[in-house]
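Undergrad: Have a look at this one before I ask anything.
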Amino acid sequence: MASETLVLCPSAQPDWEGSQVIGVMTGSAEQPELAYLKEALPVTDEILEMAGPVTPGEVFRFSAPCACSGCGHYRSEQSKCGLVEKVVRWTPVVVEQLPTCSIRSNCRWWLQEGRDACLHCPQVVTNDLNPSEDMRRASDLDVV
């Protein structure tokens with residue numbers, strides 16, 4: 001990765017600098033699935049209001065420049081995202097083909113885990129109020 005490459009987190013919060021909408025969560029609470037947008041959209045108040053009455057992170061997936069050491073999931077000593085490592089290790093594959101993704105070329109997860117990350121990615125809900133046991137364990141900062 002060249003230093004000038006902007007590496008994007010595919011599970012960012014909407015208020016992070018440079019945040020953009022990359023998809024809309026579909027499916028059910030038990031089996032969420034991301035419907036990827038053809039092009040990422042800048043976050044606007046109008047888009048965020050569309051999530052009501054729940055939080056935007058329950059409805060949309062956002063990307064933003066990776067916060068690196070500013071994120072609890074980032075492993076500075078390895079320059080890696082611990083979240084995607086655990087998602088790939090502990091959650092099921094949910095798609096057979098790479099989803100169409102507008103950020104793949106700069107995505108931290110793709111750059112780190114490749115195809116495996118993309119086959120697990122559609123089930124990740126940024127603000128998941130009903131996570132599976134595997135997803136809860138993967139997102140827990142205290143579990144390595």
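Here's how to read the names in the structure tokens: chain A, B, ... by the order shown, residue numbers from 1 in each chain, ligand numbers from 1 in the order shown.
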Residues within 7 Å of A:Leu141, please, as an MDAnalysis selection string. Count only C-alpha atoms; anything in the same chain fewer than 2 positions from it doesn't count.
TA: chainID A and resid 72:73 139 143
Undergrad: Now that the selection is made, can you save its residues with N, CA and C atoms as an mmCIF file, in the first residue's frame?
TA:
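Output saved as result-v2.cif:
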data_model
loop_
_atom_site.group_PDB
_atom_site.id
_atom_site.type_symbol
_atom_site.label_atom_id
_atom_site.label_comp_id
_atom_site.auth_asym_id
_atom_site.auth_seq_id
_atom_site.Cartn_x
_atom_site.Cartn_y
_atom_site.Cartn_z
ATOM 1 N N GLY A 72 -10.419 1.361 18.446
ATOM 2 C CA GLY A 72 -10.147 0.258 19.357
ATOM 3 C C GLY A 72 -9.890 -1.068 18.668
ATOM 4 N N HIS A 73 -10.349 -1.219 17.421
ATOM 5 C CA HIS A 73 -10.140 -2.473 16.699
ATOM 6 C C HIS A 73 -8.782 -2.540 16.006
ATOM 7 N N SER A 139 -16.969 -8.451 17.488
ATOM 8 C CA SER A 139 -16.938 -7.002 17.702
ATOM 9 C C SER A 139 -16.473 -6.600 19.106
ATOM 10 N N VAL A 143 -12.001 -9.343 23.244
ATOM 11 C CA VAL A 143 -11.761 -10.694 22.722
ATOM 12 C C VAL A 143 -10.770 -10.596 21.579
#
Undergrad: As a PyMOL selection string, please: every residue in stretch 45-83 of chain A that a backbone DSSP assignment puts in alpha helix (DSSP H).
TA: chain A and resi 45-49+56-59+82-83
Undergrad: Go through A:Pro14, A:Gly70, A:Pro65, A:Pro122 and flag the residue nearest A:Leu48, using only C-alpha atoms for the distances.
TA: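 Of all the options, A:Pro14 lies closest to A:Leu48.
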Undergrad: Could you give me, as a list in words, each residue of stretch 60-93 of chain A that DSSP assigns to strand (DSSP E) when run on this structure's backbone?
TA: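 The strand (DSSP E) subset of stretch 60-93 of chain A is Phe60, Arg61, Phe62, Ser63, Ala64, Pro65, Tyr74, Arg75, Lys80 and Cys81 of chain A.
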Undergrad: Write a file of the selected residues as a PDB file, in the first residue's frame, keeping N, CA and C atoms.
TA:
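Everything below was put into out01.pdb:
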ATOM      1  N   PHE A  60     -27.821   2.100   7.688  1.00  0.00           N
ATOM      2  CA  PHE A  60     -26.826   2.329   6.647  1.00  0.00           C
ATOM      3  C   PHE A  60     -25.475   1.787   7.072  1.00  0.00           C
ATOM      4  N   ARG A  61     -24.627   1.516   6.075  1.00  0.00           N
ATOM      5  CA  ARG A  61     -23.208   1.276   6.336  1.00  0.00           C
ATOM      6  C   ARG A  61     -22.466   2.460   5.773  1.00  0.00           C
ATOM      7  N   PHE A  62     -21.464   2.888   6.521  1.00  0.00           N
ATOM      8  CA  PHE A  62     -20.673   4.054   6.169  1.00  0.00           C
ATOM      9  C   PHE A  62     -19.208   3.658   6.025  1.00  0.00           C
ATOM     10  N   SER A  63     -18.517   4.357   5.169  1.00  0.00           N
ATOM     11  CA  SER A  63     -17.068   4.233   5.113  1.00  0.00           C
ATOM     12  C   SER A  63     -16.494   5.612   5.408  1.00  0.00           C
ATOM     13  N   ALA A  64     -15.269   5.609   5.870  1.00  0.00           N
ATOM     14  CA  ALA A  64     -14.538   6.845   6.150  1.00  0.00           C
ATOM     15  C   ALA A  64     -13.070   6.465   6.208  1.00  0.00           C
ATOM     16  N   PRO A  65     -12.194   7.431   6.119  1.00  0.00           N
ATOM     17  CA  PRO A  65     -10.776   7.096   6.270  1.00  0.00           C
ATOM     18  C   PRO A  65     -10.541   6.330   7.573  1.00  0.00           C
ATOM     19  N   TYR A  74      -8.127  -1.399  15.868  1.00  0.00           N
ATOM     20  CA  TYR A  74      -6.873  -1.350  15.109  1.00  0.00           C
ATOM     21  C   TYR A  74      -5.716  -1.873  15.947  1.00  0.00           C
ATOM     22  N   ARG A  75      -4.931  -2.736  15.340  1.00  0.00           N
ATOM     23  CA  ARG A  75      -3.742  -3.304  15.990  1.00  0.00           C
ATOM     24  C   ARG A  75      -2.514  -2.625  15.398  1.00  0.00           C
ATOM     25  N   LYS A  80      -3.067  -3.607  11.374  1.00  0.00           N
ATOM     26  CA  LYS A  80      -4.208  -4.403  10.919  1.00  0.00           C
ATOM     27  C   LYS A  80      -5.460  -4.076  11.705  1.00  0.00           C
ATOM     28  N   CYS A  81      -6.595  -4.366  11.079  1.00  0.00           N
ATOM     29  CA  CYS A  81      -7.895  -4.237  11.719  1.00  0.00           C
ATOM     30  C   CYS A  81      -8.249  -5.573  12.373  1.00  0.00           C
TER      31      CYS A  81
END
Undergrad: Using only C-alpha atoms, pick whichever of A:Trp110, A:Val54, A:His120, A:Glu85 has the shortest atom-to-atom distance to A:Gln97.
TA: A:His120
Undergrad: Please provide the set of residues having any atom within 12 Å of A:Gly57, restricted to only C-alpha atoms, with same-chain residues fewer than 6 positions apart removed, written as a PyMOL selection string.
TA: chain A and resi 10-15+19-25+34+43+47-51+63+124-129
Undergrad: Of the candidates A:Asp116, A:Cys9, A:Val93, A:Ala138, which one gets nearest to A:Glu33 if we count only C-alpha atoms?
TA: A:Val93
